[in-house]
Structure formats: structure tokens, C-alpha cells
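These notes concern the structure reproduced below.
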Amino acid sequence: MAKDDVEARTSKKYVRTFIFSMKTGTPIEKLHVITKFFMIAAMSVLALYMFDISVSKGGPDIIGLIFLLIIVFALLIISGTSKYLVNSYLLLALPVPISEFIWWLFFDGGLPGAKVTFYLWPGFFPFGLSTAVLVLVFGVVYYRTRSFIIAVIPAVLLWWLTAMPGTLDFSPLTTWFKLPIGATSSFTLPYLSVTVALSKALGFAVLIYTSFLFLLTTRDTEIAGAMRQLGLSFKKSFFIALIFRSLNTLLIDYENIRMAQTARAAGVNRKSVFSKIIDLAYVSIPLVATMIRRSTEMGVALYARGFEASKKVTSFKETKGITYMDVTVIAILSAFLIYEVVLGHNINNLLIR
Amino acid sequence: MSGEGKTVSNTKNKYPWSNYTLKLGRGEPVSTTQYVLYAVQIAAVIILSYLSVVLLGPLSYSGISLFYFVYPFFLVFTMWWGIWGILGAYIGCVVGAGLMVGLGPVASGAYAISDLIPPLIAFIVYRGLLANRGIDSLWRDLTDKEVAGFKTNRVAAWVLFIAINGVIINAVSAELGVGIENYLGLIPPGAFWGWWAGWFFGDLLAMIIITPVLVKGLTNLVERQGLINRGWIT
């Protein structure tokens, strides 16, 4: 790598990644892309395994999942991307674990064990923990979005989830004052349903935030460079880089087309859902036509620069070597994988026993 | 030009689409324009897969959307660009409807098989079987009464299109996708058929609405530019 290139790279404070820009010089930025991929793959396997441990083997490893989630958030903070994540993706991604919790609570039938009572309505309005959750969630989401509807939906949903368990409704620690309203409506579920549903919600959170960690801290050129290091030819590596490099451009094209349609009064009349779907279909023609035009132009540009005749090419300057840090991360994660998945140990059992 | 004339004369010109077969290709290397086009169409499928999952609300659950509008795109791209369209469908699902919505690489890589199989089957069935029986492998007979002076059978084209792509292949895709997600513990057993129906009807609706628009608007244009693959690769 030329000295000027090294200086240019090291002098940058931020570099562009797939969906954001990343601060340079952080421990995550210094990791090799292969290490980062191994990290998210290992975390995914662990999450999938931990939330799917059968009841006969002791049930899901909830403490293990909480441990993984803490690691992911710590890595996001270290990488300097947590602020962007909170601003852009936290609210978007939060409904997924909540919905997974509800889905698994009600649709995972046939689990053995003691039953627990849940209340659709306990017969009174519980002032306490659930009310605090309602106010807190509404306040935080409204502060961030300034939308009453967007704030009230997660707030009511979380309030309802915390008001459902009978143990919370009838404990003086969590319910401080009761205002009797209406009749009681309740149902029972196996205790394990709650454990499984909670583990699924935690597992999904791990999957989502590890994926974001990768997308927020990886550059397309890093992938192309890694492909070259793995022995792929320049044309194959460049093909992969071209795919990832085009993502942003195509997303901008899509937004421009939508804006052009809006400027031509596409959204003036109130339309049915079916009409809106047809509108979406009409985006397809300019989008694909733009894609073909862009490809033709890029193809000609590459040809004019002797792409087909190129024999010896310079390597990507973003290509990194494997460091001790990479080896350490891979070793720790491999050990964790062997401990949990291969040997079948469980952090839950280790700590609770 | 002489090479092109030889290719045409060697092909049975029974139908205007007889040049589009299941051979490997034109017998020439991939041009620079094709090289870029194949990469960019994969990027387009990634973006559309992502939008298909997130446009109807917050990040859709387990990558499943009630209106997966990328489905007709990768089917049409496969009919145009063969193996590259199939590759686009798979990578699009892994990255756009998997990694970018937070499913993680393992689950994404596994369930994306459900987007790999439909275009693969459609390509083989249309180019290998139906093209020789009067059905256009580029699906122009869904919208046009004539293709290059040849009168098309629109009723048969629509019946086969819905039966093969909308019902059979789509059911295989839903079964694979929801089945794999259920096996990985991403979908609760009691909700299997609800997810299955959401997947099936979401894809069916998108396919019936968007495919004719895409085919009518673009297939002839792409063909005129010489960008449609004769075979799997070029």
C-alpha cells in the first residue's frame, strides 16, 4: 500500500459502511471482516440453539441469552454506532421481540408443567409497575417520534403485557393501588410458555442486533478484499463488491422515483389498499429501466478502462491482515460454541444450580 | 454477424422464443455490460426484498411479509437472465429479507432456499418444457396477443402461469420457508398454517399484480438491447 494511501485512510475519522458510517480506530473497526462474519454467525447459532433447548434438557438458556444480548450491546457501544442505532432502528426493531413474545405465549401449545393465571382484565385498574411502564414508554417514544399514535401503541402493548400476570397484579410490591372497573377475565397457560416466549424474545433481539452490528461496521471493499485474500479472482471479488456498492445507489433511485410519482400527484386521492399496491407495481418499470441504463453505462465505463484486458491488478487498500485480536475473538467464540452446542452445557443451569 | 446467423439457422424457429433454451449460453464469454448488469440486478433484488419486508410496517416477523413484492421481480429476472436471476433471488433473500431485517446469517441462509427453488423450477419448466409447446418463456403471452407475428394463447398462458408459479411453486416455497423457520424455532408450531397462508397469498397477490406490468413494460426493451440470456449463463 502506498504511503499516501495509508495516510489518507488513517486520517479519516469516519468511513462509510453498508447502512451508516463507522468511527475509525475502534476495536471493532480494526477487526477483519472474516472475524466479524464469524462473530455474527457464531452469535446466531448460539441464539438459535439457546432458545430452542427442549424442556426435557432443562428448557431455554435464558441467562445465556441475556449474556449474549449484553455482549452485543457492549460491542455496539464500543463501535460507536449505538447512537445511530437508537435513533434509527431501535423503535423499528423493538416490535419484533415483543410480537415474538406474544406469538410464542399463545401458539406454543402442549407444554407440560404447572399452569399460571393471566388476566386479559384483572377486574381493576392496577396502579403500579404497569402504569410506570405505560408512562415511561409513552414518554420516551413520544419524545423521540413526536407522534401520539406511534407512542401510544407500544406503551399500551407493554402496559398490557405487564398487567397480564396475576402475580404482578396481586402483589403489593408491583400494584400499589387498585381502581375497580368491570369484570375479571382470565386464562391459564403452562409456566413454561412464559419461559419459552421470553427466551424467543431475547433470542430475536440477539439475532437482530448482531445483524445490525455487522451491517453498521462493515464496508463493501472489506468484503471484496477478504474475497481476494481467500483466493477468489479479481473479477469474482469485484462482482461481489459491485453488488454491495450498488445497494445505496438503487435505494436512492427507488426513493427518487417515489418522490417523482408523488410530485405527479400519485398520492393526492385517497385510494384503496389494492390501488396502492398497483401504484407500487408502477414503480417497477422506471426502477428496472434505471437499473439497466446504469448497468450499461457502468459496463461501457469498465470496458473503456480496460477491465476485460486487465491481467495484474492492485489489491484493495482496505484489505487487512489477521491480527492477534482476530484470533482471540474467534477462539473465545469457538470455545463458547463448543461449550454450549457441542458439549450441551447451559449457563442457566450453571448459575442456578 | 456470421456467427449469429449460424446460431439462428441451427435453431428450430417454430416459435419466436425458440432461441431461449436450457443450453449454457451463447458460447461466448460474459460481456462487461452483462457482468455489471448481473451484479446490479442482484443488488436490486436485495433492496426490493428488504423493502418487501419492511414497507408494510416495522421489520416484519422472521422475514415473512404479507406482500412480498420482490417475488415477481426475481421470477422475471430469472426468465431474462437465467442462473443470475436465481442467484439474485437467493442472495436477495439472505441479505435483504434476512440479514438486513435482523435474522442472522444462519437462519437467513437456510430459509432463503425457499426463494431459490421457485425461480429454478420456473426456469426449467418454461424454457425446457412449455416453450416447445407454444408458451412464451418470457411470459409476453400474458399481456400480448402477438409475439413477433406469432399469435399467442393468452388463456392457456394465464392458466399455466397461475397454476405453476402461483399455486405449485408458491406452495413449495411457502412449505420450505415456513417449514425451515419452524424447524429452527423461529415460528411457533401453533401458528404454522397462519404463517403459511400469509406467505402463500402474499406472494400470489404480488405475482399476479406486478408480473404483467413488468413483462409488458420491459421484456421487449430488454430483448431489443440483446440483454436476455439464451441459456443459463449468457
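A note on labels: chains of the C-alpha cells are A, B, ... as shown, every chain counts residues from 1, and ligands are counted from 1 in their shown order.
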Query raised in the report: Taking only C-alpha atoms into account, what are the residues of chain B at most 8 Å from chain A, put as an MDAnalysis selection string?
Result: chainID B and resid 32:37 39:44 46:47 58:61 99:107 184:191 209:210 213:214 217:218
Requested in this report: Please identify all polymer residues within 10 Å of Ala114 in chain A, counting only C-alpha atoms, omitting same-chain residues fewer than 5 positions from it, and present them as a list in words.
Outcome: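 The neighbour list is Thr188, Leu189, Pro190, Tyr191 and Leu192 of chain A.
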**Report entry** Exercise: Thr219 in chain B partners within 9 Å, only C-alpha atoms, chain neighbours under 3 positions left out, as a ChimeraX atom specification
**Finding:** /B:76,80,138-140,214-216,222-224,228
Those selected residues, please, written with C-alpha atoms and delivered as a short mmCIF file (atom, residue, chain, number, x, y, z; two decimals), in the first residue's frame.
```
data_model
loop_
_atom_site.label_atom_id
_atom_site.label_comp_id
_atom_site.auth_asym_id
_atom_site.auth_seq_id
_atom_site.Cartn_x
_atom_site.Cartn_y
_atom_site.Cartn_z
CA VAL B 76 -38.96 -12.29 -14.32
CA TRP B 80 -34.38 -12.98 -18.59
CA LEU B 138 -40.51 -14.70 -21.31
CA TRP B 139 -44.24 -14.53 -20.40
CA ARG B 140 -45.12 -11.93 -23.06
CA LEU B 214 -43.06 -5.78 -15.61
CA VAL B 215 -43.40 -8.02 -18.65
CA LYS B 216 -45.49 -5.56 -20.67
CA VAL B 222 -34.52 -5.77 -22.70
CA GLU B 223 -34.76 -8.16 -25.64
CA ARG B 224 -34.12 -5.37 -28.19
CA ILE B 228 -31.71 -11.60 -22.49
#
```
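Proximity to Phe200 in chain B was assessed for B:Leu66, B:Val125, B:Ala148, B:Leu75 counting only C-alpha atoms; the smallest distance is recorded for B:Leu66.
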Query - Which of B:Gly98, B:Gly25, B:Gly92, B:Pro119 sits closest to Met79 in chain B [using only C-alpha atoms] - result: B:Pro119
Query raised in the report: Can you tell me how far CA of Gly128 in chain A sits from CA of Gly182 in chain A, in Å to one decimal?
Result: 18.7 Å
Query raised in the report: Just asking: which residues within range 3-233 of chain B are alpha helix (DSSP H) according to DSSP, as a PyMOL selection string?
Result: chain B and resi 3-10+32-54+70-81+83-95+105-111+113-123+154-160+170-183+192-214+220-224
Report task. Extract, using only C-alpha atoms, all DNA, RNA and protein residues at most 8 Å from Ile62 in chain A, discarding same-chain residues fewer than 3 positions from it, and format them as a ChimeraX atom specification. Result -> /A:50-51,65-66,195,198-199,202,348
File of the preceding selection, N, CA and C atoms, as a PDB file, in the first residue's frame:
```pdb
ATOM      1  N   MET A  50     -29.776 -21.697  21.946  1.00  0.00           N
ATOM      2  CA  MET A  50     -30.161 -21.414  23.344  1.00  0.00           C
ATOM      3  C   MET A  50     -31.671 -21.287  23.522  1.00  0.00           C
ATOM      4  N   PHE A  51     -32.365 -20.674  22.543  1.00  0.00           N
ATOM      5  CA  PHE A  51     -33.816 -20.532  22.756  1.00  0.00           C
ATOM      6  C   PHE A  51     -34.595 -21.766  22.330  1.00  0.00           C
ATOM      7  N   LEU A  65     -28.812 -16.194  27.034  1.00  0.00           N
ATOM      8  CA  LEU A  65     -29.307 -15.233  26.035  1.00  0.00           C
ATOM      9  C   LEU A  65     -29.134 -13.793  26.522  1.00  0.00           C
ATOM     10  N   ILE A  66     -29.398 -13.569  27.821  1.00  0.00           N
ATOM     11  CA  ILE A  66     -29.206 -12.214  28.374  1.00  0.00           C
ATOM     12  C   ILE A  66     -27.722 -11.839  28.272  1.00  0.00           C
ATOM     13  N   THR A 195     -41.560 -18.931  29.935  1.00  0.00           N
ATOM     14  CA  THR A 195     -40.099 -19.074  29.811  1.00  0.00           C
ATOM     15  C   THR A 195     -39.699 -19.133  28.335  1.00  0.00           C
ATOM     16  N   LEU A 198     -40.278 -15.758  26.558  1.00  0.00           N
ATOM     17  CA  LEU A 198     -39.246 -14.787  26.947  1.00  0.00           C
ATOM     18  C   LEU A 198     -37.924 -15.092  26.247  1.00  0.00           C
ATOM     19  N   SER A 199     -37.590 -16.390  26.171  1.00  0.00           N
ATOM     20  CA  SER A 199     -36.329 -16.765  25.516  1.00  0.00           C
ATOM     21  C   SER A 199     -36.376 -16.436  24.021  1.00  0.00           C
ATOM     22  N   LEU A 202     -35.827 -12.690  23.651  1.00  0.00           N
ATOM     23  CA  LEU A 202     -34.408 -12.368  23.869  1.00  0.00           C
ATOM     24  C   LEU A 202     -33.557 -12.843  22.690  1.00  0.00           C
ATOM     25  N   ASN A 348     -27.579 -21.180  32.157  1.00  0.00           N
ATOM     26  CA  ASN A 348     -28.717 -21.150  33.085  1.00  0.00           C
ATOM     27  C   ASN A 348     -28.519 -22.146  34.229  1.00  0.00           C
TER      28      ASN A 348
END
```
Requested in this report: Give the answer as one residue: which of B:Val53, B:Val159, B:Leu130, B:Ala97 has the shortest atom-to-atom distance to Tyr15 in chain B, using only C-alpha atoms?
Outcome: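 That would be B:Leu130, the residue with the smallest distance to Tyr15 in chain B.
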Query - Polymer residues at most 6 Å from Val94 in chain B, only C-alpha atoms, same-chain spacing of 5 or more positions, as a PyMOL selection string - result: chain B and resi 108-109+112
Would you save the residues from that selection as a PDB file, in the first residue's frame, using C-alpha atoms?
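Result went into part_10.pdb, see below:
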```pdb
ATOM      1  CA  SER B 108     -31.245 -16.357   6.601  1.00  0.00           C
ATOM      2  CA  GLY B 109     -29.042 -18.759   4.655  1.00  0.00           C
ATOM      3  CA  ALA B 112     -33.631 -18.381   1.679  1.00  0.00           C
TER       4      ALA B 112
END
```
Query - Tyr126 in chain B surroundings by only C-alpha atoms, 9 Å radius, close-in-sequence under 2 positions cut, as number ranges by chain - result: B: 79, 121-124, 128-132, 135-138
Keeping only C-alpha atoms, write those residues as a CSV table (one decimal), in the first residue's frame.
```
chain,number,residue,atom,x,y,z
B,79,MET,CA,-36.6,-15.7,-17.2
B,121,ILE,CA,-38.2,-24.8,-11.2
B,122,ALA,CA,-39.9,-22.0,-13.3
B,123,PHE,CA,-36.9,-21.6,-15.5
B,124,ILE,CA,-36.6,-25.3,-16.2
B,128,GLY,CA,-37.3,-26.7,-21.2
B,129,LEU,CA,-40.9,-27.9,-21.5
B,130,LEU,CA,-43.5,-25.2,-22.1
B,131,ALA,CA,-41.5,-23.1,-24.7
B,132,ASN,CA,-41.7,-26.0,-27.1
B,135,ILE,CA,-46.0,-20.9,-24.3
B,136,ASP,CA,-43.6,-17.9,-24.3
B,137,SER,CA,-40.7,-18.5,-21.8
B,138,LEU,CA,-40.5,-14.7,-21.3
```
Mind the document's chain letters and residue numbers, and return as a compact mmCIF listing (two decimals) with N, CA and C atoms, in the first residue's frame the residues of range 167-244 of chain A that DSSP labels strand (DSSP E or B).
```txt
# COMPACT_ATOMS: atom_id res chain seq x y z
N THR A 175 -48.24 -3.67 42.55
CA THR A 175 -49.50 -2.94 42.39
C THR A 175 -49.78 -2.19 43.69
N TRP A 176 -49.73 -0.86 43.61
CA TRP A 176 -49.82 -0.05 44.83
C TRP A 176 -51.25 0.39 45.15
N PHE A 177 -52.07 0.49 44.10
CA PHE A 177 -53.44 0.96 44.30
C PHE A 177 -54.32 0.35 43.21
N LYS A 178 -55.54 -0.10 43.61
CA LYS A 178 -56.44 -0.75 42.64
C LYS A 178 -57.71 0.08 42.48
N LEU A 179 -58.09 0.33 41.22
CA LEU A 179 -59.33 1.05 40.95
C LEU A 179 -60.30 0.07 40.27
N PRO A 180 -61.31 -0.45 41.02
CA PRO A 180 -62.17 -1.49 40.44
C PRO A 180 -62.95 -0.99 39.21
N SER A 185 -61.45 -11.13 33.65
CA SER A 185 -61.37 -12.05 32.50
C SER A 185 -59.97 -12.65 32.51
N SER A 186 -59.91 -13.98 32.68
CA SER A 186 -58.58 -14.59 32.80
C SER A 186 -58.45 -15.89 31.99
N PHE A 187 -57.23 -16.35 31.86
CA PHE A 187 -56.93 -17.64 31.21
C PHE A 187 -55.67 -18.20 31.85
N THR A 188 -55.47 -19.51 31.66
CA THR A 188 -54.25 -20.10 32.22
C THR A 188 -53.34 -20.64 31.12
N LEU A 189 -52.04 -20.58 31.38
CA LEU A 189 -51.04 -21.09 30.44
C LEU A 189 -49.99 -21.85 31.23
N PRO A 190 -49.35 -22.87 30.60
CA PRO A 190 -48.26 -23.54 31.32
C PRO A 190 -47.16 -22.54 31.67
```
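Our summary of the geometry notes that CA of Tyr90 in chain B is positioned 5.7 Å from CA of Asp115 in chain B.
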Requested in this report: Name all residues at most 12 Å from Pro165 in chain A (count only C-alpha atoms; drop same-chain ones fewer than 5 positions away) and give them as a ChimeraX atom specification.
Outcome: /A:115-122,126,129-130,159-160,170-171,174-175,186-189,191,194
